[in-house]
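Read the structure below first, then the notes.
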Amino acid sequence: MKKRNSGRWTKQRKHIQRLPPGSSPGMIHVPPEALKPQIRLFSFSEDQFQERVLNNTDELTQMVSDKSSSVFWIDIMGLGDKQMLEKIAGIFGLHKLQMEDVVNVYQRPKLEDCGDYMFFITRLIREAEEQVVNEQMSLFIGRNYLISLQESHDPSLDPVRNRLREGKGIIRKSGSSYLAYALMDTALDHYFPVLEKLSDQLDNLQDELIANPTREALNQVLQIKRELIVFRRTIWSERDKLNDILRNNYNLISAQSMIYFRDTYDHCIQILELTESYKEVTASLMDVYHSSVSNKLNQVMKVLTIISTIFIPLTFIVGVYGMNFARVNPETGEVLKYNMPELYSPYGYLLVGVFMTIVVVLQVIFFIKKGWLGRS
Amino acid sequence: MKKRNSGRWTKQRKHIQRLPPGSSPGMIHVPPEALKPQIRLFSFSEDQFQERVLNNTDELTQMVSDKSSSVFWIDIMGLGDKQMLEKIAGIFGLHKLQMEDVVNVYQRPKLEDCGDYMFFITRLIREAEEQVVNEQMSLFIGRNYLISLQESHDPSLDPVRNRLREGKGIIRKSGSSYLAYALMDTALDHYFPVLEKLSDQLDNLQDELIANPTREALNQVLQIKRELIVFRRTIWSERDKLNDILRNNYNLISAQSMIYFRDTYDHCIQILELTESYKEVTASLMDVYHSSVSNKLNQVMKVLTIISTIFIPLTFIVGVYGMNFARVNPETGEVLKYNMPELYSPYGYLLVGVFMTIVVVLQVIFFIKKGWLGRS
Amino acid sequence: MKKRNSGRWTKQRKHIQRLPPGSSPGMIHVPPEALKPQIRLFSFSEDQFQERVLNNTDELTQMVSDKSSSVFWIDIMGLGDKQMLEKIAGIFGLHKLQMEDVVNVYQRPKLEDCGDYMFFITRLIREAEEQVVNEQMSLFIGRNYLISLQESHDPSLDPVRNRLREGKGIIRKSGSSYLAYALMDTALDHYFPVLEKLSDQLDNLQDELIANPTREALNQVLQIKRELIVFRRTIWSERDKLNDILRNNYNLISAQSMIYFRDTYDHCIQILELTESYKEVTASLMDVYHSSVSNKLNQVMKVLTIISTIFIPLTFIVGVYGMNFARVNPETGEVLKYNMPELYSPYGYLLVGVFMTIVVVLQVIFFIKKGWLGRS
Amino acid sequence: MKKRNSGRWTKQRKHIQRLPPGSSPGMIHVPPEALKPQIRLFSFSEDQFQERVLNNTDELTQMVSDKSSSVFWIDIMGLGDKQMLEKIAGIFGLHKLQMEDVVNVYQRPKLEDCGDYMFFITRLIREAEEQVVNEQMSLFIGRNYLISLQESHDPSLDPVRNRLREGKGIIRKSGSSYLAYALMDTALDHYFPVLEKLSDQLDNLQDELIANPTREALNQVLQIKRELIVFRRTIWSERDKLNDILRNNYNLISAQSMIYFRDTYDHCIQILELTESYKEVTASLMDVYHSSVSNKLNQVMKVLTIISTIFIPLTFIVGVYGMNFARVNPETGEVLKYNMPELYSPYGYLLVGVFMTIVVVLQVIFFIKKGWLGRS
Amino acid sequence: MKKRNSGRWTKQRKHIQRLPPGSSPGMIHVPPEALKPQIRLFSFSEDQFQERVLNNTDELTQMVSDKSSSVFWIDIMGLGDKQMLEKIAGIFGLHKLQMEDVVNVYQRPKLEDCGDYMFFITRLIREAEEQVVNEQMSLFIGRNYLISLQESHDPSLDPVRNRLREGKGIIRKSGSSYLAYALMDTALDHYFPVLEKLSDQLDNLQDELIANPTREALNQVLQIKRELIVFRRTIWSERDKLNDILRNNYNLISAQSMIYFRDTYDHCIQILELTESYKEVTASLMDVYHSSVSNKLNQVMKVLTIISTIFIPLTFIVGVYGMNFARVNPETGEVLKYNMPELYSPYGYLLVGVFMTIVVVLQVIFFIKKGWLGRS
């Protein structure tokens, strides 16, 4: 079995570099390892589509007041440029606390309605090179724009970009909230393969635990359990977020998008149910482990008991005939005829052998009756 | 005990062929193994009844605007015809996302109200040829029509068809919502025999675990537990769906049908309670297993202890008289009279035998007092 | 301990004869073992009281429209007459589905408000001839009538009949809802002795498990636990029903009766709390069992260890002096003076005895220090 | 450790003398062991204070219609006088069912609003003479009167009487609801010392269980757990009662008293949290017990293993040299030189001793490496 | 591993010196160990800032009616001056019960709205000198003032004082509710390092438990679990408090502050989730401990079984050849040729040695096949 590397997001939490307690709120603290941002600007409506790389955020200013029916998607990958982020916050009037959350990439999924725009956080959990990657995607949705900010140059949202480029489906006709839906739904779609991989690992572990209940396998079960707990927590917040969208009539979410969000909500519930199932499986695997261990102990004890029970009485018998009771009193020469007469019988040795064989046969019958000689 | 095959629906989940993440929503992806559809059209009112096989969906168009009091039931079995499904969606104005759910047959029970029509998903769980089959039935209910779509040519809803044919009860007089009730209630009725079979299996396993706590029996308990978890989840969603009907006054559900849905709701609660009971039984069986295993270990240990405790002291005694302390100093010929005088007593051997018998008798009395010689 | 027979209601569930799936709803299916009904008619008001046995349901018709202040109680014991039940349903306008529930005697406690009348189901759980009997009482409450339907000729509601006959308390002055209260309250009063009996059984089992943790006692604990689970479920539904009465102002429940229903609700909560307590006791008993078993194992192991630890070294010592190292080389006659000189010492035997005694004493001291020789 | 007597209230429940099922509601059934009542009448307002013993309930009549600003506190200790109770119920118009609850002293804490007056039940749980006493205090609060009824002559509410006598704080100025608050708050204050004593017992038990995991200590843990369950249930009802006061604007509770009830509510939550903490501690103690037991078993097994592992091989070795292979064929006189030449070597005995010493030393090294010789 | 001292707050609870039951409410009982207060007065608005030490509370009177836009922060550290506290309560019209809570420093986090002012309690939990300190901070927020009262001269809120002094961010412009936010948020920020330290301890314990499952390590796990329970309870109340702020539009909380409180609420949820995760880790560690212990037992049993199983049969064999069956009848001189002829074979000894070697080899093969000789 290969070494599992899927613990990245639980590991990473350990090294969160928090600001010191009592720091001023709303400080954009870009961590040194943050990637240089790549900004792409998509502008589209039912009739037209443009895409280009943006090097300068100045021209974004005009979009805020753009009166055409175009929708602008500012697609940012990499968060390593504080000036750029502050500029965008200034242009679109985004709250500093939210910009802080964008950069501090360990937020729970959430939704904040700020009147002019809405702020979403979604977790991108996906398989990449045998690892589970857990990144953050932040979305600001306005009337005619969507700003998406990802931690890395992660390609998992490329299908949405391609659908937009190819004009497939209704994506170009349906405004910023449908685009936000498409991004969030795609993010959630990536959860399924991750869960399926965990499920495969659990299946392998079950076989392993039955065959050979090692500590290492147990530790792997415990770790998968922890990962599922983290996973469930994320999904639970995701579910709350989607529920919030469905319950409230946010005016930035078009009526048309609502039924799509309901679909995403259904997926979310499915993921939640799978997660719960796998958590129950890990609990069962703990049971399998413990029963496997006590099974092994039972087998060990049975072997010990069978060997001891057969040979200890035999050893006693041969011990009896190893006693040195004298046949003849060395001083008087008197024959002590009650002292171990068997030793002087011509067939004594053979009879003892026969007797011991009978004892062994009886014991074997007893063990077979008890079912101790079969496989457990 | 026969091999259990009831795990089909948990197994099947493994092989769900999902579309790749980020696919356009509302795509009707008909899996290659889907059956060719058989379409039956029932049209009935209080006065008349017609039934025929439909080969062409064209004539459905007129039903949408039919002003008579007739109700049309389009009864589709098999989902393997994408064109047909799209045509029907077009004719009745059904949403693409819902048609996607119809084809993607792993949905949870749910209800969606779309104004002109309502969309229901119900799970058909039933016994068939020693297997548990878990299929999906989708219903679209309109003012004067009901479209039912089943995965296979499953006969479990035939009683409803027959009641309609024979005009039994109020089924012909009561519109599309009563017909939907009849289908959903019949689907739920099939859950009882499945649960009863699981219950019988649990009873057998209890006897087996007490007699002989094998790993295999334990695994069966664990698997039944998992199936009950899946079952409960399905029923729970079913309950939510029915509760939703009872709480809200959907205008497509006739007032007359409401009391029948309440009856179905009661059945649903009963199934839920049975499921919970059986889940508690599986937990008890785990306890039975563990106590059975530790009972076995105790028995093994008792046998070992009894044999060892009886024979180890005896072996010591005979070992004592196997010592070679010299009675006569070989060099000086001096009689060493304190060296093992017992060996030279005429009744030494007999007395040792008597002494050992007494030791054994005392030990047996001790074991009887401790209750180690009884059963269990 | 006598064999417990209290499992009747869990047992009975096994043999529920359900109608086949898909049967027409509202079918009154009288099971063949149902008893022939005895109908008693009580008619009373503040001033008058009449009671008689009713052989014919025809005369009930006039009661529906009776304008006097009299209240009629139609007291039916035994459900084995389909015609009679249908007739009554017809006279009072009762819904077929509810009449189906009356006959299908495995319903959960519930309340249905149908405008003209209310429908109640209550479970009669009581001790009878060392058995727990779990029957169903159905009530239809109208403005001036109460119809009660019991499965059997069970006398547990006789105190209410007697109070009515004797005109004790306010029972004759308080209409149909107070009479319904009196019946339901009396039904619940019978739960206490059942619970107290279970509690006594648990106390006995606790003593038994501590003294001798047998499997049989464990099975009894597990069965009582299951019964408590069923019991709790019933009470929980009962509580919901009473809560429903208290929360809603049903116009068929007189204001005067409400405070009495609140009293019944309090009793219900007390029963629920007792049930929960006893469930916790069963969990503790499982703990007691497991600790009792592992205690036994420890004692067995201690005996084995003490005996082995004492005698194995002694056996080694006597084995040493059973070795046959030659004192004299048989070929050369040379005295091998380093070979086991102890054997030729005049006090060798005694000294070995003393040495072994010292070893035993030291070991006993060790065991006492470890606390292994005391009672566990 | 002294014998714990704190189980009184759980014990007492066993002997509740209920009326037979179906008894008329509202019957005041005074148990024979009830104490003769002592009635004290306090009458006070901001300006005046009177206290006297009341022998006759007749003069209470005028209080009901007293128009002055005086508040009357009828302070009854002992419930053994049915006539008196009925008279009071008559004078103040109290409901029979509530008077039944006053006498039937096993009620849960509750609140009932009856328009003219409110009815409260509070549990008085306190330490008295090494026992936990759990009594009932019933309160009827009217516009200008408070009737308190206690089971016994329990002094735990004396601080309130004294504050009233001394005119401390605002107690004389604040009407009947403040006085009710003072009584209930004082009752709850007595819970803290009871909990602290349980906590001390748990601490002692933890030390005891680590040192010596006896069954008796385990039973004490289980009993404290049960008491905590009862305690929690009581507090939970108390909390509901107080919450009810805070949520609803009962017109008999003065606005001024509300903030004081909120303070009591806070105490109640604190007691609840302490109770929950101690329940978690009992769960941990179960773990400590089980780990302590398995620790003991491990130690026993280690001793057995070490002794057996050292001496069994040695016993084999000395057994080898106890074999009687002949050096000289007795019949032919031939020297059998391959038969056990060691026995005839001059240093054979010493070499065997050295060899066995080496074996022992190697084993001891093995045990030390395994960590079996240290303290576990 | 260093001794952990983090248990201060669980310990301290033990020594709460409560007033005797029934004491008058609203008594300010200053404990003797309370520190002498240091009072600092900050007065600030957008334009100005003043800070000074206050020795006399008289001048506070004028602040209550100050009509300028200045905000006053009365920053009190140390609660050991009853007169001063009563004076402040008098000046600002604070309720006596709340002042009692300020001094009785074991309150749960809470919020009370009193119209003119709001009262908050927050727990300051932080690391200080290898200890976890759990102190109480009380806040009274008025229109233009904030009174903060801390138990000790704890520096953990200094960052807020410095931000105020330096005029960083919006703190001087945002009134009393923003200042209150800043204090509470800083208090919560200190929870993270405490949790991270607990997490590190858990990691160390996991390694320790796997290597060597000592009781001491188990006790540390149990204690960390208890601390996490206390922690969680505190956070839960904190969460309720913040939720209360967000749900209700308290007029003393400015709209501008609300979004900041939402941010604090998010932090609170993160702390709660971390706490839950660590609680799950402690549960896993219990599993690790138990599996580690049973692993050790298994190893011990395996060694015992291997040694016993190898040597017990061998000892039997050598015992056989230690029997003294006579080759020659001492009385008749007859050769008893069936008595142990092996002893007189020239290669008997060697053959027995070969036979025993074969037995050992077969057993070792058996053990290897069972996997008992590998590392478990």
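We name chains A, B, ... following the order of the structure tokens; residues begin at 1 in each chain, and ligands are numbered from 1 as shown.
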Quick one: contact table of chain D to chain B, 12 Å max, nearest atom pair and distance in Å to one decimal per residue, counting only C-alpha atoms, chain and number order, as CSV?
```
residue,atom,partner,partner_atom,distance
D:Ser308,CA,B:Ile312,CA,11.9
D:Ile312,CA,B:Ile312,CA,11.8
D:Thr315,CA,B:Gly319,CA,10.7
D:Val318,CA,B:Met323,CA,11.2
D:Gly319,CA,B:Gly319,CA,10.1
D:Tyr321,CA,B:Asn324,CA,11.8
D:Gly322,CA,B:Gly322,CA,8.8
D:Met323,CA,B:Gly322,CA,11.0
D:Asn324,CA,B:Gly322,CA,11.7
```
Write a file of the just-selected residues containing C-alpha atoms, as a compact mmCIF listing (two decimals), in the first residue's frame.
```
# COMPACT_ATOMS: atom_id res chain seq x y z
CA SER D 308 7.49 -19.22 32.75
CA ILE D 312 10.54 -23.56 31.34
CA THR D 315 13.58 -27.13 33.32
CA VAL D 318 17.86 -30.16 33.54
CA GLY D 319 15.34 -32.63 32.14
CA TYR D 321 20.43 -34.47 31.94
CA GLY D 322 17.85 -36.41 33.88
CA MET D 323 17.49 -38.84 31.01
CA ASN D 324 18.64 -42.36 31.68
```
* To do: Pick out the residues sitting within 10 Å of Leu164 of chain B, and hand them over as a ChimeraX atom specification; count only C-alpha atoms, and ignore anything fewer than 3 positions along from it in its own chain.
  => /B:42-44,49-51,158-161,167-172,179
* Enumerate, as a PyMOL selection string, the complete set of residues in segment 216-362 of chain B that a backbone-based DSSP assignment places in alpha helix (DSSP H). => chain B and resi 216-247+255-320+348-362
* Picked from segment 71-290 of chain D by DSSP as strand (DSSP E or B), as a PyMOL selection string -> chain D and resi 71-77+110-113+118-128+131-141+145-150
Name all residues at most 12 Å from Leu124 of chain A (count only C-alpha atoms; drop same-chain ones fewer than 6 positions away) and give them as a PDB file with C-alpha atoms, in the first residue's frame.
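Generated output (part.pdb):
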```pdb
ATOM      1  CA  TRP A   9      -5.470  20.286   4.789  1.00  0.00           C
ATOM      2  CA  VAL A 105      -7.083  31.516   3.156  1.00  0.00           C
ATOM      3  CA  TYR A 106      -8.440  29.359   6.034  1.00  0.00           C
ATOM      4  CA  GLN A 107     -12.000  30.668   6.129  1.00  0.00           C
ATOM      5  CA  ARG A 108     -15.088  28.480   6.394  1.00  0.00           C
ATOM      6  CA  PRO A 109     -17.570  28.574   3.504  1.00  0.00           C
ATOM      7  CA  VAL A 132      -5.822  16.282  -1.499  1.00  0.00           C
ATOM      8  CA  VAL A 133      -5.604  20.008  -2.056  1.00  0.00           C
ATOM      9  CA  ASN A 134      -7.868  22.278  -0.045  1.00  0.00           C
ATOM     10  CA  GLU A 135      -7.835  25.809  -1.354  1.00  0.00           C
ATOM     11  CA  GLN A 136     -10.073  28.805  -0.958  1.00  0.00           C
ATOM     12  CA  MET A 137     -12.109  30.523  -3.636  1.00  0.00           C
ATOM     13  CA  SER A 138     -13.618  33.905  -2.783  1.00  0.00           C
ATOM     14  CA  LEU A 149     -10.073  35.039  -6.228  1.00  0.00           C
ATOM     15  CA  GLN A 150      -8.211  31.750  -5.980  1.00  0.00           C
ATOM     16  CA  GLU A 151      -5.145  30.917  -3.927  1.00  0.00           C
ATOM     17  CA  SER A 152      -3.243  29.207  -6.746  1.00  0.00           C
ATOM     18  CA  ASP A 154      -5.476  25.619  -9.841  1.00  0.00           C
ATOM     19  CA  PRO A 155      -7.097  24.357 -13.069  1.00  0.00           C
ATOM     20  CA  SER A 156     -10.176  22.829 -11.439  1.00  0.00           C
ATOM     21  CA  LEU A 157     -12.479  25.626 -12.580  1.00  0.00           C
ATOM     22  CA  LEU A 183     -18.179  28.099 -10.222  1.00  0.00           C
ATOM     23  CA  MET A 184     -19.549  26.839  -6.895  1.00  0.00           C
ATOM     24  CA  ASP A 185     -21.201  23.821  -8.456  1.00  0.00           C
ATOM     25  CA  THR A 186     -17.989  22.877 -10.233  1.00  0.00           C
ATOM     26  CA  ALA A 187     -16.074  23.260  -6.970  1.00  0.00           C
ATOM     27  CA  LEU A 188     -18.500  20.870  -5.261  1.00  0.00           C
ATOM     28  CA  ASP A 189     -18.325  18.404  -8.161  1.00  0.00           C
ATOM     29  CA  HIS A 190     -14.652  17.919  -7.338  1.00  0.00           C
ATOM     30  CA  TYR A 191     -15.579  16.612  -3.883  1.00  0.00           C
ATOM     31  CA  PHE A 192     -16.956  13.366  -5.288  1.00  0.00           C
ATOM     32  CA  VAL A 194     -11.969  12.815  -3.333  1.00  0.00           C
ATOM     33  CA  PHE A 231     -14.599  17.323   5.302  1.00  0.00           C
ATOM     34  CA  THR A 234     -16.665  22.084   5.408  1.00  0.00           C
ATOM     35  CA  ILE A 235     -19.652  20.544   3.662  1.00  0.00           C
ATOM     36  CA  GLU A 238     -21.352  24.826   2.420  1.00  0.00           C
TER      37      GLU A 238
END
```
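Residue nearest Asp287 of chain A within the list A:Phe366, A:Asp101, A:Arg126, A:Leu218: A:Leu218 [criterion: smallest interatomic distance, only C-alpha atoms].
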* Within 12 Å of Val102 of chain D, counting only C-alpha atoms, which residues show up once you throw out same-chain ones fewer than 3 positions away? Write them as a PyMOL selection string, please. => chain D and resi 26-31+34+76-80+82+85-86+89+94-99+105-110+119-123+135-140+147-151
Residue selection dump (N, CA and C atoms) as a compact mmCIF listing (two decimals), in the first residue's frame:
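Listing of selection19.txt after writing:
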```txt
# COMPACT_ATOMS: atom_id res chain seq x y z
N GLY D 26 -57.72 14.76 41.24
CA GLY D 26 -57.97 15.83 42.20
C GLY D 26 -58.29 15.34 43.59
N MET D 27 -57.97 14.07 43.91
CA MET D 27 -58.17 13.54 45.25
C MET D 27 -56.95 13.88 46.10
N ILE D 28 -57.16 14.55 47.22
CA ILE D 28 -56.04 14.84 48.11
C ILE D 28 -55.81 13.61 48.97
N HIS D 29 -54.77 12.86 48.65
CA HIS D 29 -54.48 11.64 49.38
C HIS D 29 -53.27 11.88 50.26
N VAL D 30 -53.50 12.18 51.55
CA VAL D 30 -52.40 12.49 52.46
C VAL D 30 -51.76 11.19 52.92
N PRO D 31 -50.46 10.97 52.65
CA PRO D 31 -49.84 9.71 53.09
C PRO D 31 -49.74 9.69 54.62
N ALA D 34 -47.03 11.63 56.62
CA ALA D 34 -46.90 13.08 56.49
C ALA D 34 -46.92 13.73 57.87
N ILE D 76 -46.35 27.10 55.32
CA ILE D 76 -46.82 25.84 55.87
C ILE D 76 -45.73 24.80 55.77
N MET D 77 -45.38 24.16 56.90
CA MET D 77 -44.39 23.09 56.91
C MET D 77 -45.04 21.83 57.44
N GLY D 78 -45.11 20.81 56.63
CA GLY D 78 -45.82 19.59 57.00
C GLY D 78 -47.15 19.57 56.28
N LEU D 79 -47.47 18.38 55.70
CA LEU D 79 -48.66 18.32 54.85
C LEU D 79 -49.70 17.34 55.38
N GLY D 80 -49.64 17.04 56.69
CA GLY D 80 -50.43 15.92 57.21
C GLY D 80 -51.85 16.25 57.64
N LYS D 82 -55.44 16.95 55.92
CA LYS D 82 -56.22 17.06 54.70
C LYS D 82 -57.25 18.19 54.78
N LEU D 85 -55.77 21.61 54.23
CA LEU D 85 -55.41 21.86 52.83
C LEU D 85 -56.65 22.16 51.99
N GLU D 86 -57.70 21.39 52.23
CA GLU D 86 -58.92 21.62 51.46
C GLU D 86 -59.52 22.98 51.77
N ALA D 89 -57.49 25.55 49.96
CA ALA D 89 -57.85 25.50 48.54
C ALA D 89 -59.17 26.21 48.31
N LEU D 94 -58.03 27.58 44.84
CA LEU D 94 -56.96 26.84 44.18
C LEU D 94 -57.53 25.56 43.57
N HIS D 95 -56.95 25.12 42.45
CA HIS D 95 -57.49 23.98 41.73
C HIS D 95 -57.15 22.68 42.47
N LYS D 96 -58.13 21.75 42.50
CA LYS D 96 -57.94 20.49 43.20
C LYS D 96 -56.73 19.70 42.69
N LEU D 97 -56.53 19.72 41.34
CA LEU D 97 -55.41 18.96 40.78
C LEU D 97 -54.09 19.46 41.33
N GLN D 98 -53.99 20.77 41.52
CA GLN D 98 -52.75 21.33 42.04
C GLN D 98 -52.57 20.96 43.50
N MET D 99 -53.68 20.95 44.28
CA MET D 99 -53.58 20.55 45.68
C MET D 99 -53.17 19.08 45.76
N VAL D 105 -45.78 14.26 46.74
CA VAL D 105 -44.56 15.07 46.74
C VAL D 105 -43.46 14.60 45.79
N TYR D 106 -43.83 14.02 44.66
CA TYR D 106 -42.80 13.58 43.71
C TYR D 106 -42.96 14.27 42.36
N GLN D 107 -43.43 15.52 42.39
CA GLN D 107 -43.63 16.26 41.16
C GLN D 107 -42.32 16.82 40.62
N ARG D 108 -42.29 17.04 39.31
CA ARG D 108 -41.17 17.74 38.69
C ARG D 108 -41.37 19.25 38.90
N PRO D 109 -40.27 20.04 38.91
CA PRO D 109 -40.44 21.49 38.97
C PRO D 109 -41.33 21.95 37.83
N LYS D 110 -42.30 22.80 38.13
CA LYS D 110 -43.15 23.31 37.06
C LYS D 110 -43.83 24.60 37.45
N PHE D 119 -48.97 28.80 40.18
CA PHE D 119 -48.60 27.64 40.98
C PHE D 119 -47.20 27.20 40.56
N PHE D 120 -46.30 27.10 41.53
CA PHE D 120 -44.92 26.69 41.27
C PHE D 120 -44.59 25.44 42.06
N ILE D 121 -43.82 24.55 41.46
CA ILE D 121 -43.21 23.48 42.24
C ILE D 121 -41.71 23.58 42.08
N THR D 122 -41.01 23.53 43.21
CA THR D 122 -39.55 23.61 43.24
C THR D 122 -39.04 22.45 44.08
N ARG D 123 -37.92 21.87 43.69
CA ARG D 123 -37.33 20.81 44.50
C ARG D 123 -36.30 21.42 45.45
N GLU D 135 -36.73 17.28 48.86
CA GLU D 135 -38.12 17.53 49.21
C GLU D 135 -38.79 18.43 48.19
N GLN D 136 -40.08 18.60 48.38
CA GLN D 136 -40.84 19.41 47.45
C GLN D 136 -41.32 20.67 48.15
N MET D 137 -41.17 21.81 47.46
CA MET D 137 -41.78 23.04 47.94
C MET D 137 -42.78 23.49 46.88
N SER D 138 -44.01 23.72 47.32
CA SER D 138 -45.04 24.21 46.40
C SER D 138 -45.36 25.65 46.77
N LEU D 139 -45.53 26.47 45.75
CA LEU D 139 -45.86 27.87 45.99
C LEU D 139 -47.12 28.25 45.23
N PHE D 140 -48.01 28.95 45.90
CA PHE D 140 -49.11 29.62 45.21
C PHE D 140 -48.90 31.11 45.37
N ILE D 147 -48.47 31.45 49.28
CA ILE D 147 -48.62 30.26 50.13
C ILE D 147 -47.48 29.33 49.78
N SER D 148 -46.66 28.99 50.77
CA SER D 148 -45.59 28.02 50.52
C SER D 148 -45.89 26.78 51.33
N LEU D 149 -45.72 25.62 50.68
CA LEU D 149 -45.99 24.37 51.38
C LEU D 149 -44.77 23.47 51.25
N GLN D 150 -44.19 23.11 52.41
CA GLN D 150 -43.04 22.22 52.40
C GLN D 150 -43.44 20.89 53.03
N GLU D 151 -42.74 19.83 52.59
CA GLU D 151 -42.98 18.50 53.12
C GLU D 151 -42.67 18.40 54.61
```
